[in-house]
Amino acid sequence: MIDLAKGIELFEKGKINQAEKHFKNILEKQKENPEVHFYLGRIAFQKDQYDAAISYFEKAIEYNPEEARYHEMYGETLGLKAQQAGMIKGAMMLRKVKAAFEKALSLNPESLMAREGLFMINLFAPGVAGGDEKKAMELFELIKKQNATHGHMAQALIHLKNNRLEEAEKEFELAVRQNGNDREILMRSARFFLQRKKYDRVLEIADLYIQHFPDDPRGYQLKGEAYLSEDNADEALNWFNLAIEKDDLFFNAYFHRAKVFLAKGKSEMAQKDVDFILNHPEASKEFKERAKKLMK
């Protein structure tokens, strides 16, 4: 019997390695099951394996082109790839990103993810790549009406674009206060405060994340990054180790742990973590490039 629900439950609890194994077992029997490809894509996305995620989402769309969620995540992943691709190639990729979100919205007019994706393209992309600030403001009003918390997140991005950092901070705080059990809200807010060097706030949000999602390594990773930014190598090492305990293929934790080892003068241990990334077939090309640069 094919138990798709079990895999989804594992995924939602943050047990992505167990979920991945479960879905791959299903895939051996049902190679054209779009939901299996979709969840394997989401798992690859969480592991920063964007090329693999794109491939899975394309398969999901091939087997069921009328499901909005597949186009949403396809657009989201393409968008992150575009950010990493450089100015010219990234601008060219944005057309595919925009098309994916527009398709999702045509299939589901209430798709918040697609609306937010189009908002960000219109807000930040240059006009030649599809950006349109007036359209972004129209989408912002729709987002705000559809979901107040995500409205605060969108407002924060508008403030960030205009370098109004204090105003952006207030919007992130409002979003966390209104919906402090939402993975995306917590993660994006914590990343903002990390960039602002407000490490105490990052640690508070990371604790909230761990409270709600104790099996997800990203909360522990956040705490490690905050302590590393404060030059507290011992605490950082502890939290990166905990992230790896939760997911022994969480390459971001290995990468940052290597940085800690270098800071502590333990280059051999750093090299061991870097080699783990470089030699593992599931590590993304992006992580391998970052790992190579770390030891130069």
# chains A, B, ... in the order shown; residues from 1 in each chain; ligands from 1
>>> residues_around(residues="stretch 235-245 of chain A", least_positions_apart="2", cutoff="10 Å", atoms="only C-alpha atoms", output="compact mmCIF listing (two decimals) with C-alpha atoms, in the first residue's frame")
# COMPACT_ATOMS: atom_id res chain seq x y z
CA ASP A 215 12.96 18.44 14.33
CA ASP A 216 13.83 21.12 11.76
CA PRO A 217 17.61 21.77 11.68
CA ARG A 218 17.21 25.34 10.45
CA GLY A 219 16.31 26.71 13.88
CA TYR A 220 19.53 25.32 15.36
CA GLN A 221 21.42 26.61 12.31
CA LEU A 222 20.10 30.11 12.97
CA LYS A 223 21.38 30.08 16.54
CA GLY A 224 24.76 28.87 15.33
CA GLU A 225 25.01 31.69 12.78
CA ALA A 226 24.07 34.29 15.40
CA TYR A 227 26.74 33.05 17.82
CA LEU A 228 29.30 32.82 15.01
CA SER A 229 28.56 36.44 14.08
CA GLU A 230 29.21 37.37 17.71
CA ASP A 231 32.58 35.54 17.54
CA ASN A 232 31.35 33.01 20.09
CA ALA A 233 32.86 29.99 18.36
CA ASP A 247 19.76 16.17 9.71
CA ASP A 248 23.09 14.57 8.86
CA LEU A 249 22.79 15.85 5.28
CA PHE A 250 22.19 19.47 6.25
CA PHE A 251 25.12 20.83 4.26
CA ASN A 252 24.69 24.42 5.44
CA ALA A 253 25.56 23.32 8.98
CA TYR A 254 28.68 21.49 7.77
CA PHE A 255 29.75 24.60 5.84
CA HIS A 256 29.32 26.88 8.85
CA ARG A 257 30.91 24.36 11.19
CA ALA A 258 33.96 24.41 8.91
CA LYS A 259 34.05 28.20 9.36
CA VAL A 260 34.03 27.70 13.14
CA PHE A 261 36.88 25.19 12.95
>>> closest_atom_pairs(of="stretch 26-141 of chain A", to="stretch 157-167 of chain A", cutoff="12 Å", atoms="only C-alpha atoms", output="Markdown table")
| residue | atom | partner | partner_atom | distance |
| --- | --- | --- | --- | --- |
| A:Glu116 | CA | A:Leu157 | CA | 10.9 |
| A:Phe119 | CA | A:Leu157 | CA | 9.9 |
| A:Met120 | CA | A:Leu157 | CA | 8.3 |
| A:Ile121 | CA | A:Leu157 | CA | 11.6 |
| A:Asn122 | CA | A:Ile158 | CA | 11.1 |
| A:Leu123 | CA | A:Ile158 | CA | 7.6 |
| A:Phe124 | CA | A:Lys161 | CA | 7.6 |
| A:Ala125 | CA | A:Lys161 | CA | 11.2 |
| A:Glu133 | CA | A:Ile158 | CA | 10.0 |
| A:Ala136 | CA | A:Ile158 | CA | 9.3 |
| A:Met137 | CA | A:Ile158 | CA | 9.0 |
| A:Leu139 | CA | A:Ile158 | CA | 11.9 |
| A:Phe140 | CA | A:Ile158 | CA | 9.2 |
>>> atom_distance(atom1="atom CA of A:Lys15", atom2="atom CA of A:Glu110")
28.9 Å
>>> closest_residue(among="A:Arg42, A:Lys246, A:Lys198, A:Lys31", to="A:Lys59", atoms="only C-alpha atoms")
A:Lys31
>>> closest_residue(among="A:Ala129, A:Ile8, A:Ala175, A:Ala168", to="A:Lys144", atoms="only C-alpha atoms")
A:Ala175
>>> closest_residue(among="A:Arg115, A:His280, A:Lys135, A:Lys96", to="A:His150", atoms="only C-alpha atoms")
A:Arg115
>>> closest_residue(among="A:Glu204, A:Met113, A:His212, A:Val128", to="A:Leu94", atoms="only C-alpha atoms")
A:Val128
>>> closest_residue(among="A:Lys296, A:Arg290, A:Arg196, A:His37", to="A:Phe23", atoms="only C-alpha atoms")
A:His37
>>> closest_residue(among="A:Ser189, A:Gln178, A:Asn108, A:Gln84", to="A:Glu72", atoms="only C-alpha atoms")
A:Asn108
>>> atom_distance(atom1="atom CA of A:Tyr63", atom2="atom CA of A:Glu35")
9.3 Å
>>> residues_around(residues="A:Leu118", least_positions_apart="4", cutoff="7 Å", atoms="only C-alpha atoms", output="short mmCIF file (atom, residue, chain, number, x, y, z; two decimals) with C-alpha atoms, in the first residue's frame")
data_model
loop_
_atom_site.label_atom_id
_atom_site.label_comp_id
_atom_site.auth_asym_id
_atom_site.auth_seq_id
_atom_site.Cartn_x
_atom_site.Cartn_y
_atom_site.Cartn_z
CA LYS A 98 7.13 35.40 -13.62
CA PHE A 101 3.74 32.57 -10.75
CA ALA A 114 2.25 33.40 -6.38
CA ASN A 122 7.75 43.87 -9.77
#
>>> residues_around(residues="A:Asn179", least_positions_apart="5", cutoff="12 Å", atoms="only C-alpha atoms", output="JSON, numbers by chain")
{"A": [147, 148, 149, 150, 151, 152, 153, 172, 173, 174, 184, 185, 186, 187, 189, 205, 208, 209, 212]}
>>> write_last_selection(atoms="C-alpha atoms", output="CSV table (one decimal), in the first residue's frame")
chain,number,residue,atom,x,y,z
A,147,ASN,CA,-3.3,38.1,4.8
A,148,ALA,CA,-2.5,40.8,7.3
A,149,THR,CA,0.7,39.1,8.5
A,150,HIS,CA,2.1,38.7,5.0
A,151,GLY,CA,1.0,42.3,4.4
A,152,HIS,CA,3.5,43.3,7.1
A,153,MET,CA,6.2,41.2,5.4
A,172,PHE,CA,9.0,42.3,10.8
A,173,GLU,CA,8.2,42.5,14.5
A,174,LEU,CA,4.5,42.9,13.8
A,184,GLU,CA,8.5,31.5,6.7
A,185,ILE,CA,7.7,34.4,8.9
A,186,LEU,CA,10.1,33.4,11.6
A,187,MET,CA,12.9,32.5,9.2
A,189,SER,CA,12.4,37.9,10.1
A,205,ILE,CA,13.2,34.1,17.1
A,208,LEU,CA,10.6,30.3,19.0
A,209,TYR,CA,11.3,28.4,15.7
A,212,HIS,CA,7.4,25.0,17.2
